[in-house]
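Written below as structure tokens is the structure these notes are about.
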Amino acid sequence: MRHTRIIVNRYGGPETLQVIEEECPQPTPGQVRVKVLAAGVSLPDVLAREGVHPETPRVPYTPGWDLVGVVDQIGAGVSGFELGQTLAAMPISGCYAEYVCLPQRKFIRVPAGLDPAECVAVILNYITAYQMLHRSAKVKAGQRVLIHGASGGVGTALLQLGRLAGVEMYGTCSAQAAEIVKDFGATAIDYRNSDFVKEIHHLTTDGVDAVFDGIGGDNLWRSREALRAGGRVVVYGFQAKLKGGRMASSAPSGRHPIRESAILGWYILRNKFLPGRKSMVPYSIQWLMRLKPVWFRQDLLTLFDLLHQNKIKPLISQRLPLYQARQAHELLGGGGVIGKIVLMPNR
Ligand SMILES: NC(=O)c1ccc[n+]([C@@H]2O[C@H](COP(=O)([O-])OP(=O)(O)OC[C@H]3O[C@@H](n4cnc5c(N)ncnc54)[C@H](OP(=O)(O)O)[C@@H]3O)[C@@H](O)[C@H]2O)c1
């Protein structure tokens with residue numbers, strides 16, 4: 001049997017995504033093969049394609065952090081899985097494909113009756129949002145938070161989970177997304193036409209308790225200025241690297257997985273020597289998953305439960321067939337996407 005898979009042959013723009021057809025992978029002992037129903041498209045995929053994400057695989061590779069699929073073949077020695085069962089996984093790469101084989105320990109069961117696109121939107125974005133809110137910032141009801149990129153994938157997840165946690169929310173976004181951000185219960189701040197630090201101090205007088213910053217670069221210092229004394233910036237991305245979905249700097253193309261983490265480390269170290277009792281803490285879903293796999297499993301099951309109870313509702317901006325992976329990257333990189341883009345390989 002043959003299947004379709006997307007590969008990146010060299011680091012660069014969306015044109016480096018290619019559709020290939022090949023023999024279906026066969027599960028080795030201990031592996032389960034799933035027929036992929038939904039694969040998430042995320043900015044980390046775009047950053048890896050450009051070669052700058054810390055998790056950038058070596059080329060050629062298949063992008064895709066997370067998937068939801070149904071069990072279609074079971075390798076020797078696997079127990080506790082049945083054909084037709086719906087499963088979720090976050091292997092970090094490899095999900096833009098019709099069929100994927102992974103070790104059985106990588107899979108988590110998806111409760112029956114949920115929409116695969118909504119479930120996949122929950123994996124990377126909502127676990128990131130949930131763990132940043134509850135494990136990194138440890139927010140309490142009544143505290144104030146500032147969410148950058150509030151209309152994006154992680155941003156909308158932070159808004160929905162922040163509302164459930166009872167925090168007062170401010171969100172930076174572009175003007176056309178302001179209504180969405182307000183609908184989720186936050187005060188929208190137009191990051192293109194206003195100074196968010198001034199706006200925060202104007203709206204709150206003494207600043208916020210936590211800022212969630214996936215923008216990175218000099219934006220981190222500005223986020224720090226928006227904090228009240230004792231507050232914390234949770235640093236989780238470096239979107240400032242990209243402009244129009246391509247590298248914003250004239251940095252040489254290639255694979256640079258360490259560089260951005262090293263720069264981030266330098267910012268965090270420098271913060272320690274600045275006055276004002278304000279902390280900067282890094283968050284990385286992949287490192288927390290490796291260090292605390294039990295939290296990852298537990299938090300994903302909590303989120304599936306919230307989805308089941310309709311307490312969270314991921315915004316799906318587009319459901320595209322697998323062969324439109326390139327268009328998905330162009331859309332995401334171009335900006336203005338509200339919510340999550342999902343590839344549906346076997347629709
Ligand atoms: N550390 C982790 O574990 C982890 C996990 C997941 C994601 N991430 C990171 O999280 C970040 C967001 O990912 P995502 O998938 O949510 O991306 P996304 O869906 O593309 O959302 C990004 C949002 O940021 C907005 N934006 C762009 N520049 C901005 C600026 N200067 N100030 C405020 N908002 C700005 C964009 O708005 P417009 O399009 O309207 O301009 C967009 O709504 C990325 O850096 C990603 O690498 C990190």
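Labels for the structure tokens follow display order: chains A, B, ..., residues from 1 in each chain, ligands from 1.
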
- Quick one: residues within 12 Å of region 110-118 of chain A, only C-alpha atoms counted, chain neighbours fewer than 2 positions away excluded, as a PyMOL selection string? chain A and resi 35-41+66-71+84-89+107-108+120-126+153+157+297+300-310+312-320+339-347

The selected residues should be written to file as an mmCIF file, in the first residue's frame (atoms: C-alpha atoms).
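Wrote selection.cif, looks like this:
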```cif
data_model
loop_
_atom_site.group_PDB
_atom_site.id
_atom_site.type_symbol
_atom_site.label_atom_id
_atom_site.label_comp_id
_atom_site.auth_asym_id
_atom_site.auth_seq_id
_atom_site.Cartn_x
_atom_site.Cartn_y
_atom_site.Cartn_z
ATOM 1 C CA LYS A 35 -4.044 6.453 9.868
ATOM 2 C CA VAL A 36 -3.718 10.204 10.448
ATOM 3 C CA LEU A 37 -7.021 12.076 10.704
ATOM 4 C CA ALA A 38 -5.601 15.460 11.726
ATOM 5 C CA ALA A 39 -2.089 16.961 11.899
ATOM 6 C CA GLY A 40 -1.526 20.375 13.450
ATOM 7 C CA VAL A 41 0.309 23.147 11.586
ATOM 8 C CA ASP A 66 1.169 16.585 16.685
ATOM 9 C CA LEU A 67 -1.441 14.223 15.309
ATOM 10 C CA VAL A 68 -4.707 12.459 15.965
ATOM 11 C CA GLY A 69 -5.286 9.189 14.141
ATOM 12 C CA VAL A 70 -6.930 5.773 14.283
ATOM 13 C CA VAL A 71 -5.017 2.562 14.930
ATOM 14 C CA GLY A 84 -9.931 1.526 15.113
ATOM 15 C CA GLN A 85 -9.078 3.202 18.431
ATOM 16 C CA THR A 86 -8.499 6.975 18.237
ATOM 17 C CA LEU A 87 -5.139 8.125 19.587
ATOM 18 C CA ALA A 88 -3.174 11.352 19.974
ATOM 19 C CA ALA A 89 0.604 11.882 19.973
ATOM 20 C CA PHE A 107 0.236 7.504 22.284
ATOM 21 C CA ILE A 108 -2.571 8.803 24.491
ATOM 22 C CA VAL A 120 -5.136 18.053 17.562
ATOM 23 C CA ALA A 121 -5.471 21.779 18.248
ATOM 24 C CA VAL A 122 -5.508 20.905 21.940
ATOM 25 C CA ILE A 123 -2.207 18.979 21.921
ATOM 26 C CA LEU A 124 0.589 21.492 21.240
ATOM 27 C CA ASN A 125 -1.242 24.778 21.807
ATOM 28 C CA TYR A 126 -3.399 23.981 24.825
ATOM 29 C CA GLY A 153 -3.004 29.292 18.223
ATOM 30 C CA ALA A 157 -5.710 28.731 24.113
ATOM 31 C CA ARG A 297 -0.207 12.813 29.867
ATOM 32 C CA LEU A 300 -3.595 16.348 27.945
ATOM 33 C CA LEU A 301 -6.262 14.146 29.554
ATOM 34 C CA THR A 302 -7.481 17.147 31.612
ATOM 35 C CA LEU A 303 -7.729 19.172 28.389
ATOM 36 C CA PHE A 304 -9.583 16.409 26.499
ATOM 37 C CA ASP A 305 -11.987 16.331 29.425
ATOM 38 C CA LEU A 306 -12.513 20.122 29.227
ATOM 39 C CA LEU A 307 -13.090 19.731 25.473
ATOM 40 C CA HIS A 308 -15.598 16.968 26.100
ATOM 41 C CA GLN A 309 -17.460 19.185 28.571
ATOM 42 C CA ASN A 310 -17.435 22.076 26.047
ATOM 43 C CA ILE A 312 -12.859 24.862 25.831
ATOM 44 C CA LYS A 313 -13.463 25.243 22.105
ATOM 45 C CA PRO A 314 -10.345 25.487 19.913
ATOM 46 C CA LEU A 315 -10.689 27.932 17.033
ATOM 47 C CA ILE A 316 -9.979 26.126 13.784
ATOM 48 C CA SER A 317 -9.046 28.596 11.116
ATOM 49 C CA GLN A 318 -8.680 26.122 8.208
ATOM 50 C CA ARG A 319 -8.955 22.376 7.577
ATOM 51 C CA LEU A 320 -6.785 21.626 4.558
ATOM 52 C CA GLY A 339 -6.794 30.036 15.561
ATOM 53 C CA LYS A 340 -5.279 26.783 14.291
ATOM 54 C CA ILE A 341 -4.610 25.456 10.793
ATOM 55 C CA VAL A 342 -5.118 21.694 10.609
ATOM 56 C CA LEU A 343 -4.142 19.265 7.836
ATOM 57 C CA MET A 344 -6.650 16.441 7.318
ATOM 58 C CA PRO A 345 -4.612 13.739 5.492
ATOM 59 C CA ASN A 346 -7.328 11.098 5.170
ATOM 60 C CA ARG A 347 -10.436 13.219 4.822
#
```

- Task: May I ask you to write as a PyMOL selection string all residues lying at most 7 Å from ligand 1, with only C-alpha atoms and all ligand atoms counted?
- Result: chain A and resi 42-44+47+124-125+128+148-155+172-174+177+191+214-215+236-240+283-286+332-333+335-340

Serialized selection, N, CA and C atoms, as a CSV table (one decimal), in the first residue's frame:
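The resulting file, result24.csv, is reproduced below:
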```csv
chain,number,residue,atom,x,y,z
A,42,SER,N,1.9,24.5,12.9
A,42,SER,CA,2.2,25.4,13.9
A,42,SER,C,3.4,26.3,13.6
A,43,LEU,N,3.6,27.4,14.3
A,43,LEU,CA,4.7,28.2,14.1
A,43,LEU,C,6.0,27.5,14.3
A,44,PRO,N,6.1,26.6,15.3
A,44,PRO,CA,7.3,25.8,15.5
A,44,PRO,C,7.7,25.0,14.2
A,47,LEU,N,9.3,27.6,12.0
A,47,LEU,CA,10.6,27.9,12.5
A,47,LEU,C,11.6,26.8,12.2
A,124,LEU,N,-0.5,20.6,21.1
A,124,LEU,CA,0.6,21.5,21.2
A,124,LEU,C,0.1,22.8,21.9
A,125,ASN,N,-0.9,23.4,21.4
A,125,ASN,CA,-1.2,24.8,21.8
A,125,ASN,C,-1.8,24.8,23.2
A,128,THR,N,0.7,23.7,26.0
A,128,THR,CA,1.6,24.8,26.2
A,128,THR,C,0.9,25.9,27.0
A,148,HIS,N,0.7,37.9,24.6
A,148,HIS,CA,1.0,38.4,23.3
A,148,HIS,C,0.5,37.4,22.3
A,149,GLY,N,0.2,38.0,21.1
A,149,GLY,CA,-0.3,37.1,20.0
A,149,GLY,C,-1.5,36.4,20.4
A,150,ALA,N,-2.4,37.2,21.0
A,150,ALA,CA,-3.6,36.6,21.7
A,150,ALA,C,-4.6,36.0,20.7
A,151,SER,N,-4.5,36.3,19.4
A,151,SER,CA,-5.5,35.7,18.5
A,151,SER,C,-4.9,34.5,17.8
A,152,GLY,N,-3.7,34.1,18.1
A,152,GLY,CA,-3.0,33.0,17.5
A,152,GLY,C,-3.4,31.7,18.1
A,153,GLY,N,-2.7,30.6,17.7
A,153,GLY,CA,-3.0,29.3,18.2
A,153,GLY,C,-2.8,29.2,19.7
A,154,VAL,N,-1.6,29.5,20.2
A,154,VAL,CA,-1.4,29.4,21.7
A,154,VAL,C,-2.1,30.6,22.4
A,155,GLY,N,-2.2,31.7,21.7
A,155,GLY,CA,-2.9,32.9,22.3
A,155,GLY,C,-4.3,32.6,22.6
A,172,THR,N,-2.3,41.3,23.3
A,172,THR,CA,-1.9,42.1,22.1
A,172,THR,C,-2.3,41.3,20.8
A,173,CYS,N,-2.8,42.0,19.8
A,173,CYS,CA,-3.2,41.4,18.5
A,173,CYS,C,-3.3,42.5,17.5
A,174,SER,N,-3.5,42.1,16.2
A,174,SER,CA,-3.7,43.2,15.2
A,174,SER,C,-5.1,43.6,15.3
A,177,ALA,N,-8.2,41.4,14.7
A,177,ALA,CA,-8.5,40.3,15.6
A,177,ALA,C,-9.1,40.8,16.9
A,191,TYR,N,-1.1,45.8,18.8
A,191,TYR,CA,0.3,45.9,18.9
A,191,TYR,C,1.0,46.6,17.8
A,214,GLY,N,5.7,34.9,23.4
A,214,GLY,CA,6.2,34.0,22.4
A,214,GLY,C,6.9,34.8,21.2
A,215,ILE,N,7.1,36.1,21.4
A,215,ILE,CA,7.6,36.9,20.4
A,215,ILE,C,9.1,36.9,20.5
A,236,TYR,N,8.5,31.9,25.7
A,236,TYR,CA,8.3,30.6,25.1
A,236,TYR,C,8.4,30.6,23.6
A,237,GLY,N,8.9,31.7,23.0
A,237,GLY,CA,9.1,31.6,21.5
A,237,GLY,C,9.9,32.7,21.0
A,238,PHE,N,10.2,32.7,19.7
A,238,PHE,CA,11.0,33.7,19.1
A,238,PHE,C,10.5,34.0,17.7
A,239,GLN,N,9.2,34.4,17.7
A,239,GLN,CA,8.5,34.7,16.5
A,239,GLN,C,9.1,35.9,15.8
A,240,ALA,N,9.8,36.8,16.6
A,240,ALA,CA,10.3,38.0,16.0
A,240,ALA,C,11.4,37.7,14.9
A,283,TYR,N,9.8,28.5,29.0
A,283,TYR,CA,9.0,27.4,29.0
A,283,TYR,C,9.2,26.6,27.6
A,284,SER,N,9.3,25.3,27.7
A,284,SER,CA,9.4,24.5,26.5
A,284,SER,C,8.6,23.2,26.7
A,285,ILE,N,7.6,23.1,25.9
A,285,ILE,CA,6.7,21.9,26.0
A,285,ILE,C,7.5,20.6,25.8
A,286,GLN,N,8.5,20.6,24.9
A,286,GLN,CA,9.2,19.4,24.6
A,286,GLN,C,10.1,19.0,25.8
A,332,LEU,N,0.1,30.7,7.4
A,332,LEU,CA,0.5,30.9,8.8
A,332,LEU,C,1.6,32.0,8.9
A,333,GLY,N,2.5,31.9,8.0
A,333,GLY,CA,3.7,32.8,8.0
A,333,GLY,C,3.2,34.2,7.6
A,335,GLY,N,0.6,35.8,8.4
A,335,GLY,CA,0.0,36.5,9.5
A,335,GLY,C,-1.5,36.6,9.3
A,336,GLY,N,-2.2,37.1,10.4
A,336,GLY,CA,-3.6,37.3,10.3
A,336,GLY,C,-4.5,36.1,10.5
A,337,VAL,N,-3.8,34.9,10.7
A,337,VAL,CA,-4.6,33.7,10.9
A,337,VAL,C,-5.1,33.7,12.3
A,338,ILE,N,-6.4,33.4,12.4
A,338,ILE,CA,-7.0,33.4,13.8
A,338,ILE,C,-7.3,31.9,14.1
A,339,GLY,N,-6.6,31.4,15.1
A,339,GLY,CA,-6.8,30.0,15.6
A,339,GLY,C,-5.8,29.1,14.9
A,340,LYS,N,-6.2,27.9,14.7
A,340,LYS,CA,-5.3,26.8,14.3
A,340,LYS,C,-5.5,26.3,12.9
```

- Residue contacts of Ile20 (chain A) (10 Å, only C-alpha atoms) excluding same-chain residues fewer than 2 positions away, as a PyMOL selection string: chain A and resi 3-7+17-18+22+97+323

Selection from above, C-alpha atoms, as a CSV table (one decimal), in the first residue's frame, can you write it?
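Dumped to part.csv:
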```
chain,number,residue,atom,x,y,z
A,3,HIS,CA,0.7,6.7,1.1
A,4,THR,CA,1.5,10.4,0.8
A,5,ARG,CA,4.0,12.3,3.0
A,6,ILE,CA,5.4,15.8,3.1
A,7,ILE,CA,9.1,16.4,3.2
A,17,LEU,CA,7.8,21.6,1.3
A,18,GLN,CA,7.3,18.7,-1.1
A,22,GLU,CA,6.0,6.1,-1.1
A,97,ALA,CA,1.7,12.1,6.5
A,323,TYR,CA,-1.1,18.2,-0.3
```

- Message: Taking the DSSP secondary structure from the backbone, can you list the residues of region 57-304 of chain A that are alpha helix (DSSP H), as a ChimeraX atom specification?
- Response: /A:116-121,127-131,153-165,178-183,196-204,219-225,259-272,285-291,293-304

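Considering only C-alpha atoms, the residue among A:Val32, A:Val211, A:Met247, A:Ile200 positioned nearest to Val78 (chain A) is A:Val32.
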
- Backbone-only DSSP, strand (DSSP E or B) members of region 15-194 of chain A, as a ChimeraX atom specification: /A:17-23,31-41,61,67-74,86-89,97,99-103,108-109,144-147,168-173,186-190

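With only C-alpha atoms as the atoms that count, the residue of A:Gln26, A:Gln131, A:Thr56, A:Ser93 with the shortest distance to Asp299 (chain A) is A:Gln131.
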
Show me, as a PDB file with N, CA and C atoms, in the first residue's frame, the residues that have an atom within 10 Å of Ile268 (chain A) when counting only C-alpha atoms, minus same-chain residues fewer than 4 positions from it.
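Contents of around38.pdb, freshly written:
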```
ATOM      1  N   LEU A 220      10.995  41.058  24.793  1.00  0.00           N
ATOM      2  CA  LEU A 220      11.071  40.538  26.168  1.00  0.00           C
ATOM      3  C   LEU A 220      11.314  41.653  27.180  1.00  0.00           C
ATOM      4  N   VAL A 233       7.821  37.075  33.526  1.00  0.00           N
ATOM      5  CA  VAL A 233       7.602  36.900  32.082  1.00  0.00           C
ATOM      6  C   VAL A 233       7.860  35.432  31.777  1.00  0.00           C
ATOM      7  N   VAL A 235       8.725  33.081  28.972  1.00  0.00           N
ATOM      8  CA  VAL A 235       9.322  33.240  27.646  1.00  0.00           C
ATOM      9  C   VAL A 235       9.169  31.923  26.903  1.00  0.00           C
ATOM     10  N   ALA A 262      20.433  29.738  23.011  1.00  0.00           N
ATOM     11  CA  ALA A 262      21.566  30.405  23.673  1.00  0.00           C
ATOM     12  C   ALA A 262      21.248  31.886  23.883  1.00  0.00           C
ATOM     13  N   ILE A 263      20.643  32.525  22.877  1.00  0.00           N
ATOM     14  CA  ILE A 263      20.294  33.953  23.001  1.00  0.00           C
ATOM     15  C   ILE A 263      19.276  34.126  24.134  1.00  0.00           C
ATOM     16  N   LEU A 264      18.299  33.233  24.162  1.00  0.00           N
ATOM     17  CA  LEU A 264      17.265  33.273  25.206  1.00  0.00           C
ATOM     18  C   LEU A 264      17.892  33.132  26.590  1.00  0.00           C
ATOM     19  N   LYS A 272      18.507  38.657  35.587  1.00  0.00           N
ATOM     20  CA  LYS A 272      18.813  38.427  37.014  1.00  0.00           C
ATOM     21  C   LYS A 272      19.552  39.605  37.623  1.00  0.00           C
ATOM     22  N   PHE A 273      20.260  40.377  36.778  1.00  0.00           N
ATOM     23  CA  PHE A 273      21.058  41.483  37.306  1.00  0.00           C
ATOM     24  C   PHE A 273      20.312  42.814  37.232  1.00  0.00           C
ATOM     25  N   SER A 279      10.898  38.357  37.365  1.00  0.00           N
ATOM     26  CA  SER A 279      11.618  37.173  36.868  1.00  0.00           C
ATOM     27  C   SER A 279      11.258  36.867  35.414  1.00  0.00           C
ATOM     28  N   MET A 280      12.165  36.139  34.780  1.00  0.00           N
ATOM     29  CA  MET A 280      11.934  35.650  33.410  1.00  0.00           C
ATOM     30  C   MET A 280      12.147  34.149  33.465  1.00  0.00           C
ATOM     31  N   VAL A 281      11.135  33.388  33.075  1.00  0.00           N
ATOM     32  CA  VAL A 281      11.302  31.929  33.107  1.00  0.00           C
ATOM     33  C   VAL A 281      11.022  31.357  31.716  1.00  0.00           C
ATOM     34  N   PRO A 282      11.888  30.450  31.268  1.00  0.00           N
ATOM     35  CA  PRO A 282      11.639  29.847  29.954  1.00  0.00           C
ATOM     36  C   PRO A 282      10.614  28.728  30.079  1.00  0.00           C
TER      37      PRO A 282
END
```
